[in-house]
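A.B. asks: Compact mmCIF, C-alpha atoms, file coords37.txt:
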# COMPACT_ATOMS: atom_id res chain seq x y z
CA MET N 1 -30.13 75.20 -18.66
CA ALA N 2 -28.28 72.91 -16.28
CA LYS N 3 -29.06 75.32 -13.44
CA THR N 4 -32.78 75.15 -14.29
CA ASN N 5 -32.66 71.37 -14.26
CA GLU N 6 -30.99 71.38 -10.85
CA THR N 7 -33.58 73.79 -9.50
CA ASP N 8 -36.34 71.55 -10.81
CA LEU N 9 -34.67 68.55 -9.27
CA GLY N 10 -34.36 70.36 -5.93
CA ARG N 11 -38.05 71.29 -6.02
CA TRP N 12 -39.02 67.75 -6.97
CA VAL N 13 -37.10 66.29 -4.01
CA ASP N 14 -38.24 68.98 -1.57
CA LYS N 15 -41.86 68.39 -2.55
CA ARG N 16 -41.55 64.75 -1.57
CA LEU N 17 -39.51 65.30 1.56
CA GLY N 18 -42.04 67.93 2.55
CA GLN N 19 -44.62 65.17 2.92
CA LEU N 20 -42.81 63.97 6.02
CA ALA N 21 -44.30 65.58 9.06
CA SER N 22 -44.87 64.55 12.62
CA ASP N 23 -48.39 64.39 13.99
CA ARG N 24 -49.65 67.96 14.41
CA GLY N 25 -51.72 67.01 17.46
CA TRP N 26 -48.75 65.49 19.21
CA GLU N 27 -46.94 67.55 21.83
CA PRO N 28 -43.61 66.07 23.02
CA ASP N 29 -43.41 66.02 26.82
CA ALA N 30 -40.07 67.60 27.74
CA THR N 31 -40.55 67.20 31.52
CA ARG N 32 -41.15 63.47 31.31
CA ALA N 33 -38.30 63.14 28.81
CA LEU N 34 -35.93 65.01 31.13
CA ALA N 35 -36.74 62.61 33.96
CA CYS N 36 -36.14 59.72 31.57
CA PHE N 37 -32.86 61.32 30.50
CA TYR N 38 -31.60 61.54 34.11
CA GLU N 39 -32.69 57.97 34.84
CA LYS N 40 -30.90 56.62 31.78
CA ARG N 41 -27.81 58.68 32.49
CA ARG N 42 -27.68 57.38 36.06
CA ALA N 43 -28.04 53.77 34.83
CA ARG N 44 -25.29 54.28 32.28
CA ASN N 45 -22.97 55.83 34.84
CA ILE N 46 -23.47 52.85 37.15
CA ARG N 47 -22.85 50.47 34.26
CA ASN N 48 -19.72 52.37 33.21
CA VAL N 49 -18.32 52.35 36.74
CA ALA N 50 -19.05 48.60 37.04
CA CYS N 51 -17.38 47.91 33.69
CA ALA N 52 -14.34 49.98 34.62
CA ALA N 53 -14.02 48.21 37.98
CA LEU N 54 -14.35 44.84 36.30
CA SER N 55 -11.75 45.71 33.68
CA ILE N 56 -9.29 46.95 36.27
CA THR N 57 -9.82 43.82 38.37
CA ALA N 58 -9.37 41.55 35.34
CA LEU N 59 -6.23 43.44 34.34
CA TRP N 60 -4.85 43.23 37.87
CA ILE N 61 -5.54 39.49 38.09
CA SER N 62 -3.99 38.80 34.70
CA LEU N 63 -0.93 40.89 35.58
CA THR N 64 -0.32 39.39 38.98
CA ALA N 65 -1.45 35.79 38.65
CA PHE N 66 1.65 34.45 36.96
CA PRO N 67 5.36 34.79 37.67
CA LYS N 68 6.34 36.34 34.34
CA SER N 69 3.61 38.94 34.27
CA ARG N 70 4.17 39.67 37.97
CA GLU N 71 7.88 40.15 37.32
CA ILE N 72 7.10 42.54 34.45
CA VAL N 73 4.84 44.61 36.73
CA ARG N 74 7.47 44.58 39.48
CA ARG N 75 10.17 45.77 37.11
CA LEU N 76 8.00 48.47 35.57
CA TRP N 77 7.07 49.64 39.06
CA ALA N 78 10.76 49.73 39.99
CA GLY N 79 11.42 52.00 37.00
CA SER N 80 12.94 49.51 34.54
CA ARG N 81 13.12 50.55 30.92
CA ILE N 82 10.58 49.01 28.56
CA ALA N 83 13.49 47.57 26.54
CA ASP N 84 14.60 45.51 29.56
CA ILE N 85 11.22 43.84 29.95
CA GLY N 86 12.04 41.36 27.17
CA GLN N 87 14.69 39.93 29.48
CA VAL N 88 12.02 38.71 31.90
CA SER N 89 11.41 35.48 30.00
CA ALA N 90 15.05 34.55 30.29
CA ASP N 91 15.27 35.59 33.93
CA VAL N 92 12.15 33.86 35.21
CA LYS N 93 13.05 30.25 35.61
CA THR N 94 10.97 27.71 33.73
CA LEU N 95 11.35 24.02 34.26
CA LYS N 96 12.63 21.83 31.48
CA ASP N 97 11.90 18.16 30.90
CA GLY N 98 14.48 16.01 32.64
CA GLU N 99 14.91 18.40 35.59
CA GLY N 100 13.90 17.33 39.05
CA ALA N 101 10.40 18.42 40.05
CA PRO N 102 10.73 21.05 42.81
CA ASP N 103 9.49 19.63 46.08
CA PHE N 104 6.75 21.24 48.14
CA VAL N 105 4.63 20.56 51.19
CA LEU N 106 1.01 21.74 51.14
CA LYS N 107 -2.11 20.94 53.13
CA ASP N 108 -4.77 18.74 51.62
CA ALA N 109 -8.54 19.03 52.17
CA ASN N 110 -8.25 17.21 55.53
CA GLY N 111 -5.48 19.46 56.78
CA ALA N 112 -2.82 16.79 56.37
CA ASP N 113 0.58 17.54 54.83
CA LEU N 114 1.09 16.45 51.24
CA ARG N 115 4.76 16.30 50.30
CA LEU N 116 5.53 15.78 46.60
CA SER N 117 8.76 13.92 47.31
CA ALA N 118 6.74 11.35 49.27
CA TYR N 119 5.41 10.17 45.91
CA ARG N 120 8.89 9.28 44.64
CA GLY N 121 8.57 5.84 43.03
CA LYS N 122 5.21 6.69 41.51
CA VAL N 123 4.32 8.34 38.23
CA VAL N 124 2.72 11.66 39.16
CA LEU N 125 0.54 13.94 37.08
CA LEU N 126 0.89 17.34 38.72
CA ASN N 127 -1.92 19.65 37.62
CA PHE N 128 -2.01 23.39 38.43
CA TRP N 129 -5.61 24.56 38.11
CA ALA N 130 -8.32 26.83 39.50
CA THR N 131 -12.09 26.57 39.79
CA TRP N 132 -12.63 29.75 37.71
CA CYS N 133 -10.48 28.38 34.87
CA HIS N 134 -12.78 26.94 32.20
CA GLY N 135 -10.07 24.81 30.57
CA CYS N 136 -9.10 23.38 33.97
CA ALA N 137 -12.67 22.29 34.65
CA LEU N 138 -12.74 20.58 31.27
CA GLU N 139 -9.74 18.45 32.23
CA VAL N 140 -10.95 17.34 35.66
CA PRO N 141 -13.13 14.41 34.48
CA TRP N 142 -10.19 13.14 32.41
CA LEU N 143 -7.89 13.31 35.43
CA VAL N 144 -10.49 11.49 37.53
CA GLN N 145 -10.53 8.73 34.89
CA PHE N 146 -6.71 8.54 34.78
CA GLU N 147 -6.63 8.18 38.57
CA LYS N 148 -9.25 5.45 38.42
CA ASP N 149 -7.57 3.51 35.59
CA TYR N 150 -3.92 3.70 36.65
CA ARG N 151 -3.94 4.13 40.44
CA ASP N 152 -3.19 0.45 41.00
CA ARG N 153 -0.19 0.54 38.67
CA GLY N 154 1.70 3.18 40.66
CA PHE N 155 0.19 6.37 39.32
CA THR N 156 -1.45 9.35 40.96
CA VAL N 157 -2.78 12.74 40.04
CA ILE N 158 -2.05 15.67 42.36
CA GLY N 159 -4.11 18.79 41.83
CA VAL N 160 -2.68 22.12 42.99
CA SER N 161 -5.46 24.67 43.10
CA MET N 162 -4.46 28.32 42.70
CA ASP N 163 -7.81 29.70 43.85
CA ALA N 164 -7.26 32.85 45.87
CA ASP N 165 -10.06 32.02 48.31
CA GLY N 166 -8.75 28.50 48.89
CA TRP N 167 -11.01 25.72 50.10
CA LYS N 168 -14.08 27.96 50.07
CA SER N 169 -14.32 27.54 46.28
CA VAL N 170 -12.38 24.32 45.93
CA LYS N 171 -14.23 22.01 48.34
CA PRO N 172 -17.66 22.40 46.70
CA PHE N 173 -16.03 21.95 43.30
CA LEU N 174 -14.30 18.72 44.38
CA ALA N 175 -17.56 17.35 45.76
CA ARG N 176 -19.49 18.30 42.64
CA GLU N 177 -16.95 16.77 40.26
CA LYS N 178 -16.36 13.71 42.51
CA VAL N 179 -12.61 14.24 42.41
CA ASN N 180 -10.83 11.06 43.50
CA TYR N 181 -7.23 12.28 43.69
CA PRO N 182 -5.43 14.44 46.24
CA VAL N 183 -5.83 18.18 45.87
CA VAL N 184 -3.92 20.89 47.73
CA ILE N 185 -4.16 24.65 47.76
CA GLY N 186 -1.11 26.14 46.08
CA ASN N 187 0.61 29.47 46.43
CA GLN N 188 3.03 31.56 44.44
CA LYS N 189 5.99 30.19 46.36
CA VAL N 190 5.16 26.71 45.12
CA ALA N 191 4.08 27.80 41.63
CA ALA N 192 7.07 30.02 40.86
CA PRO N 193 9.71 27.24 40.56
CA TYR N 194 7.41 25.52 38.08
CA GLY N 195 7.24 28.71 35.98
CA LEU N 196 3.47 28.77 36.18
CA ASP N 197 2.38 31.47 33.75
CA ALA N 198 -0.90 30.05 32.47
CA MET N 199 -3.53 27.60 33.61
CA PRO N 200 -4.12 24.77 33.35
CA MET N 201 -0.48 23.68 33.50
CA THR N 202 0.36 20.00 33.82
CA PHE N 203 3.58 18.13 34.56
CA LEU N 204 4.13 14.40 34.22
CA ILE N 205 6.72 13.34 36.76
CA GLY N 206 8.48 10.01 36.42
CA ARG N 207 9.14 7.55 39.24
CA ASP N 208 12.61 9.10 39.58
CA GLY N 209 11.04 12.47 40.47
CA LYS N 210 12.10 14.12 37.22
CA ILE N 211 9.86 16.06 34.85
CA ALA N 212 8.96 13.80 31.92
CA ALA N 213 6.51 16.07 30.09
CA THR N 214 5.03 19.53 30.42
CA SER N 215 1.77 20.81 29.04
CA VAL N 216 0.60 24.42 29.12
CA GLY N 217 -3.11 24.75 28.45
CA ILE N 218 -5.62 21.95 28.12
CA ILE N 219 -3.90 18.60 27.81
CA ASP N 220 -4.26 16.38 24.78
CA ARG N 221 -6.10 13.60 26.57
CA ALA N 222 -5.01 10.75 24.28
CA ALA N 223 -1.39 11.89 24.10
CA CYS N 224 -1.26 12.37 27.86
CA GLU N 225 -2.68 8.92 28.54
CA HIS N 226 -0.22 7.42 26.06
CA ARG N 227 2.67 9.12 27.91
CA ILE N 228 1.38 7.91 31.28
CA ARG N 229 1.34 4.32 29.95
CA GLU N 230 4.85 4.72 28.56
CA LEU N 231 6.13 6.02 31.90
CA LEU N 232 4.42 3.25 33.83
CA ALA N 233 5.76 0.62 31.41
CA SER N 234 9.33 1.92 31.29
CA ALA N 235 9.53 2.18 35.05
CA SER N 236 8.28 -1.34 35.56
CA ARG N 237 10.78 -2.83 33.06
CA MET Y 238 -41.84 68.88 7.60
CA GLU Y 239 -41.37 71.65 10.11
CA ILE Y 240 -39.02 74.25 8.73
CA VAL Y 241 -36.61 75.56 11.31
CA GLY Y 242 -34.70 78.52 10.00
CA ALA Y 243 -32.15 80.87 11.44
CA GLU Y 244 -34.92 83.03 12.86
CA THR Y 245 -36.18 80.18 15.01
CA PRO Y 246 -35.79 80.92 18.73
CA GLY Y 247 -33.18 78.79 20.46
CA LEU Y 248 -30.59 78.87 17.70
CA GLU Y 249 -28.25 81.09 19.64
CA PRO Y 250 -25.21 79.33 21.13
CA ILE Y 251 -26.33 76.93 23.82
CA ALA Y 252 -24.63 77.12 27.18
CA VAL Y 253 -24.65 73.71 28.78
CA SER Y 254 -21.70 74.02 31.09
CA ASP Y 255 -23.86 73.34 34.14
CA ALA Y 256 -26.91 71.24 34.93
CA SER Y 257 -29.37 74.15 34.89
CA GLY Y 258 -27.94 75.35 31.55
CA PHE Y 259 -28.40 71.88 30.17
CA GLU Y 260 -31.96 71.64 31.45
CA THR Y 261 -32.84 74.98 29.87
CA MET Y 262 -31.35 73.86 26.59
CA PHE Y 263 -33.09 70.47 26.86
CA ARG Y 264 -36.49 72.06 27.38
CA ALA Y 265 -35.90 74.54 24.55
CA GLN Y 266 -34.74 71.96 22.02
CA TYR Y 267 -36.50 68.75 23.02
CA ALA Y 268 -39.77 69.21 21.15
CA ARG Y 269 -38.02 70.36 17.99
CA ILE Y 270 -35.61 67.43 17.95
CA ALA Y 271 -38.39 64.96 18.77
CA ARG Y 272 -40.44 66.30 15.85
CA VAL Y 273 -37.49 65.96 13.48
CA ILE Y 274 -37.20 62.29 14.40
CA ALA Y 275 -40.94 61.66 14.45
CA GLY Y 276 -41.25 63.19 10.99
CA VAL Y 277 -38.87 60.60 9.63
CA ILE Y 278 -39.92 57.51 11.55
CA ARG Y 279 -43.64 58.35 12.01
CA ASP Y 280 -43.77 56.88 15.54
CA PRO Y 281 -43.98 59.62 18.22
CA ALA Y 282 -43.40 57.29 21.19
CA ARG Y 283 -40.28 55.84 19.64
CA ALA Y 284 -39.23 59.32 18.55
CA GLU Y 285 -39.30 60.48 22.20
CA GLU Y 286 -37.10 57.55 23.22
CA LEU Y 287 -34.62 58.27 20.45
CA THR Y 288 -34.58 61.96 21.33
CA VAL Y 289 -33.50 61.09 24.86
CA GLU Y 290 -30.76 58.93 23.31
CA VAL Y 291 -29.64 61.92 21.23
CA PHE Y 292 -29.40 64.08 24.35
CA LEU Y 293 -27.48 61.38 26.20
CA LYS Y 294 -24.96 61.36 23.37
CA PHE Y 295 -24.95 65.15 23.39
CA TRP Y 296 -24.17 65.17 27.11
CA LYS Y 297 -21.10 63.02 26.56
CA SER Y 298 -19.83 64.72 23.42
CA THR Y 299 -17.47 67.63 23.92
CA ALA Y 300 -17.60 68.42 20.20
CA ALA Y 301 -21.29 69.23 20.57
CA ARG Y 302 -20.84 72.25 22.84
CA GLY Y 303 -20.87 75.93 22.05
CA GLU Y 304 -22.01 77.34 18.74
CA ARG Y 305 -22.12 73.93 17.09
CA ALA Y 306 -24.65 72.50 19.55
CA GLU Y 307 -27.73 73.21 17.47
CA GLY Y 308 -26.28 71.77 14.28
CA TRP Y 309 -24.91 68.83 16.20
CA LEU Y 310 -28.30 68.04 17.70
CA ARG Y 311 -30.03 68.23 14.31
CA LYS Y 312 -27.41 66.03 12.71
CA ALA Y 313 -27.59 63.48 15.55
CA ALA Y 314 -31.38 63.47 15.40
CA VAL Y 315 -31.48 62.91 11.65
CA ARG Y 316 -28.82 60.22 11.92
CA LYS Y 317 -30.73 58.46 14.68
CA ALA Y 318 -33.94 58.65 12.68
CA ILE Y 319 -32.33 57.25 9.53
CA ASP Y 320 -30.71 54.44 11.51
CA GLU Y 321 -34.10 53.58 12.95
CA LEU Y 322 -35.69 53.71 9.51
CA ARG Y 323 -33.04 51.41 8.05
CA ARG Y 324 -33.32 49.07 11.03
CA ARG Y 325 -37.05 48.78 10.45
CA GLU Y 326 -36.58 48.22 6.73
CA ARG Y 327 -34.06 45.48 7.45
CA ARG Y 328 -36.36 43.87 9.96
CA ALA Y 329 -39.29 43.98 7.57
CA ARG Y 330 -37.13 42.41 4.87
CA TYR Y 331 -36.01 39.55 7.17
CA GLU Y 332 -39.52 39.02 8.41
CA GLY Y 333 -40.66 38.70 4.82
CA LEU Y 334 -37.73 36.43 4.05
CA PHE Y 335 -38.37 34.03 6.90
CA HIS Y 336 -42.15 34.33 6.68
CA PHE Y 337 -42.57 35.60 10.21
CA GLY Y 338 -45.92 37.04 11.04
CA LYS Y 339 -46.32 40.53 9.70
CA ARG Y 340 -45.96 43.18 12.41
CA THR Y 341 -49.16 44.97 13.24
CA PRO Y 342 -48.77 48.75 12.88
CA THR Y 343 -49.23 50.76 16.07
CA PRO Y 344 -52.15 53.21 16.22
CA GLU Y 345 -49.63 56.04 15.95
CA GLU Y 346 -48.27 54.45 12.82
CA LEU Y 347 -51.69 54.11 11.25
CA ARG Y 348 -52.69 57.67 12.05
CA GLY Y 349 -51.87 60.14 9.34
CA VAL Y 350 -49.71 57.84 7.27
CA THR Y 351 -50.04 58.45 3.57
CA GLU Y 352 -48.71 56.45 0.72
CA GLY Y 353 -46.50 59.36 -0.24
CA GLN Y 354 -44.86 59.44 3.18
CA GLU Y 355 -44.26 55.71 3.07
CA ARG Y 356 -42.57 56.01 -0.28
CA VAL Y 357 -40.29 58.81 0.88
CA ARG Y 358 -39.35 56.84 3.99
CA ALA Y 359 -38.58 53.72 1.97
CA VAL Y 360 -36.37 55.70 -0.41
CA LEU Y 361 -34.55 57.44 2.45
CA ALA Y 362 -33.88 54.07 4.04
CA ALA Y 363 -32.54 52.69 0.76
CA ILE Y 364 -30.15 55.40 -0.39
CA ASP Y 365 -26.71 56.18 1.02
CA LYS Y 366 -26.98 57.22 4.66
CA ARG Y 367 -24.87 60.37 4.27
CA GLN Y 368 -26.95 61.51 1.32
CA ALA Y 369 -30.18 60.90 3.23
CA GLU Y 370 -28.82 62.94 6.17
CA LEU Y 371 -27.84 65.78 3.89
CA LEU Y 372 -31.23 65.88 2.17
CA LEU Y 373 -33.17 65.81 5.44
CA LEU Y 374 -31.05 68.49 7.09
CA ARG Y 375 -31.33 70.70 4.04
CA ASN Y 376 -35.08 70.11 3.99
CA GLN Y 377 -35.22 71.41 7.56
CA GLY Y 378 -33.86 74.71 6.35
CA LEU Y 379 -30.18 74.49 7.23
CA SER Y 380 -28.01 76.75 5.12
CA TYR Y 381 -24.98 75.47 3.22
CA SER Y 382 -22.62 76.73 5.91
CA GLU Y 383 -24.74 75.15 8.66
CA LEU Y 384 -24.79 71.88 6.73
CA ALA Y 385 -21.03 72.00 6.28
CA SER Y 386 -20.53 72.64 9.98
CA ALA Y 387 -22.97 69.94 11.10
CA LEU Y 388 -21.63 67.27 8.78
CA ASP Y 389 -17.95 68.27 8.88
CA LEU Y 390 -17.88 68.92 5.16
CA ASN Y 391 -16.16 71.53 3.02
CA PRO Y 392 -18.74 74.31 2.41
CA VAL Y 393 -17.60 74.49 -1.23
CA SER Y 394 -18.61 70.88 -1.85
CA ILE Y 395 -22.09 71.11 -0.29
CA GLY Y 396 -23.83 72.16 -3.51
CA THR Y 397 -22.30 69.28 -5.45
CA LEU Y 398 -23.07 66.74 -2.72
CA LEU Y 399 -26.61 68.01 -2.38
CA ALA Y 400 -27.25 67.78 -6.13
CA ARG Y 401 -25.78 64.28 -6.15
CA GLY Y 402 -28.00 63.29 -3.21
CA GLN Y 403 -31.09 64.70 -4.92
CA ARG Y 404 -30.31 62.81 -8.12
CA THR Y 405 -29.83 59.59 -6.15
CA PHE Y 406 -33.10 60.16 -4.30
CA ARG Y 407 -35.07 60.76 -7.50
CA LYS Y 408 -33.44 57.84 -9.31
CA GLU Y 409 -34.30 55.47 -6.44
CA TYR Y 410 -37.81 56.89 -6.13
CA ILE Y 411 -38.51 56.47 -9.85
CA ARG Y 412 -36.95 53.01 -9.87
CA ARG Y 413 -39.34 51.94 -7.14
CA TYR Y 414 -42.51 53.82 -7.96
CA GLY Y 415 -42.16 55.16 -11.48
CA LYS Y 416 -42.78 58.78 -12.45
CA ASP Y 417 -45.86 59.62 -10.39
Using structure tokens, write down the structure that the file contains.

C.D. replies:
Amino acid sequence: MAKTNETDLGRWVDKRLGQLASDRGWEPDATRALACFYEKRRARNIRNVACAALSITALWISLTAFPKSREIVRRLWAGSRIADIGQVSADVKTLKDGEGAPDFVLKDANGADLRLSAYRGKVVLLNFWATWCHGCALEVPWLVQFEKDYRDRGFTVIGVSMDADGWKSVKPFLAREKVNYPVVIGNQKVAAPYGLDAMPMTFLIGRDGKIAATSVGIIDRAACEHRIRELLASASR
Amino acid sequence: MEIVGAETPGLEPIAVSDASGFETMFRAQYARIARVIAGVIRDPARAEELTVEVFLKFWKSTAARGERAEGWLRKAAVRKAIDELRRRERRARYEGLFHFGKRTPTPEELRGVTEGQERVRAVLAAIDKRQAELLLLRNQGLSYSELASALDLNPVSIGTLLARGQRTFRKEYIRRYGKD
């Protein structure tokens, strides 16, 4: 009995599904479709190659842009065990508040030397950034305002750009954003002692040349300004 | 719907190891696969586009080669067609929800569309996707073993799944349109 019911059910469903039919007068064009197939396949191959190239480039940049990641790659390349990689954080020096800010000499936009130690006696906001870094670009107007508000009280911002193509990207950016503080093009030799492993990275340096505060990522504008005022006030007392 | 049984030419294992083999297979299978899709979605132009998509997927899939190619193509075609059907149903629902202008049917859509077909399509779009696939593939004449191979199912469970799918289909059909 159950079998009969199932057979009836099957017939009932088949009868309805049987109503579906493509247009009898329609003849699918295999030749045109094959051409379309090859065209789409070619477009997808190009897109896949482009995506792969982009991914590899992004991976390479992220692995080599910062001291810690670069050290990990170097050690893996040299055949270190995976277990030893955890030691990298301890081995790669990172600056701590209260330590002296490592000195450097870099060229500014006019080709003149900018020496950090020449700013001893001033409160310095040292900002590592790059034009392609979205967070960095967000901070720039704030830094311009800090420079404007506190320049006369013995404060300056120094921007160290880490753009690989140097002034080619940086100069138009500075003009567009009306940057009013000195900017230099950095390099890994300068960035390494600061333990630069993310951008933006910002250091507040006291008049004594020692690190007073460090910020990795976008600064807290209000907190940063408060700290600048404190440093300016304590130094003038 | 066009019944494609085991006696249909082109069901022998498809050799697609080289470009010419693929082209031969493409030409042999294209019209059949396009008709499977067109039967479900009722739009020949869109069916041709989706068929090309099916073959692009086929080209990339290593699991689709050899003896399983035919079943794989049918399964992919039915799946593509059901996805399209559900996408259209969803779109129609949202358009109704947000009071967008009602889409004008294409001439292809208007031609040869019966109320019965519309009902079947609506029910197929509403029920579980796997059940709809199973019913459509079975309706095309695939045997239990071919169904099991195409859908990666245990051949022993096909009868049960099919009966369950048929019951779901009828229940949904009657819920929507009553006992016609």

A.B. asks: Would you list which chain N residues are within 10 Å of chain Y using only C-alpha atoms, as number ranges by chain?

C.D. replies: N: 6-7, 9-24, 26-38, 40-41, 44

A.B. asks: With all atoms listed in the file as the atoms that count, which of Y:Arg316, Y:Ala359, Y:Arg283, Y:Ala387 lies nearest to Arg412 of chain Y?

C.D. replies: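 Distance minimum relative to Arg412 of chain Y lands on Y:Ala359.
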
A.B. asks: Find, counting all atoms listed in the file, the residue in N:Cys133, N:Ala65, N:Leu106, N:Leu125 that gets nearest to Phe155 of chain N.

C.D. replies: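 Under the stated criterion, the closest residue is N:Leu125.
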
A.B. asks: Measure the distance from atom CA of Arg176 of chain N to atom CA of Leu114 of chain N in Å and round it to one decimal.

C.D. replies: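 According to the coordinates, atom CA of Arg176 of chain N and atom CA of Leu114 of chain N are separated by 22.4 Å.
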
A.B. asks: Pop segment 41-84 of chain N out of the structure in the block and write C-alpha atoms as a short mmCIF file (atom, residue, chain, number, x, y, z; two decimals), in the first residue's frame.

C.D. replies:
data_model
loop_
_atom_site.label_atom_id
_atom_site.label_comp_id
_atom_site.auth_asym_id
_atom_site.auth_seq_id
_atom_site.Cartn_x
_atom_site.Cartn_y
_atom_site.Cartn_z
CA ARG N 41 38.68 32.00 -19.35
CA ARG N 42 41.34 34.37 -20.65
CA ALA N 43 39.90 37.25 -18.58
CA ARG N 44 39.82 35.07 -15.48
CA ASN N 45 43.39 33.91 -16.00
CA ILE N 46 44.56 37.51 -16.28
CA ARG N 47 42.61 38.42 -13.15
CA ASN N 48 44.02 35.43 -11.25
CA VAL N 49 47.59 36.28 -12.24
CA ALA N 50 47.04 39.92 -11.21
CA CYS N 51 45.56 38.85 -7.87
CA ALA N 52 48.42 36.44 -7.22
CA ALA N 53 51.01 39.10 -8.07
CA LEU N 54 49.26 41.60 -5.82
CA SER N 55 49.07 39.11 -2.95
CA ILE N 56 52.73 38.20 -3.25
CA THR N 57 53.71 41.88 -3.36
CA ALA N 58 51.55 42.68 -0.33
CA LEU N 59 53.00 39.72 1.55
CA TRP N 60 56.54 40.74 0.63
CA ILE N 61 55.96 44.34 1.74
CA SER N 62 54.37 43.28 5.02
CA LEU N 63 57.20 40.83 5.70
CA THR N 64 60.04 43.17 4.91
CA ALA N 65 58.76 46.60 5.95
CA PHE N 66 59.42 46.25 9.66
CA PRO N 67 62.41 45.09 11.68
CA LYS N 68 60.67 42.26 13.51
CA SER N 69 59.03 40.74 10.47
CA ARG N 70 62.24 41.23 8.47
CA GLU N 71 64.22 39.46 11.18
CA ILE N 72 61.73 36.57 11.15
CA VAL N 73 62.13 36.21 7.37
CA ARG N 74 65.92 36.43 7.68
CA ARG N 75 66.00 33.72 10.33
CA LEU N 76 63.63 31.43 8.45
CA TRP N 77 65.74 31.90 5.33
CA ALA N 78 68.86 31.05 7.33
CA GLY N 79 67.22 27.79 8.42
CA SER N 80 66.17 28.68 11.98
CA ARG N 81 63.65 26.42 13.64
CA ILE N 82 60.10 27.71 13.90
CA ALA N 83 60.37 27.40 17.71
CA ASP N 84 63.21 29.97 17.73
#
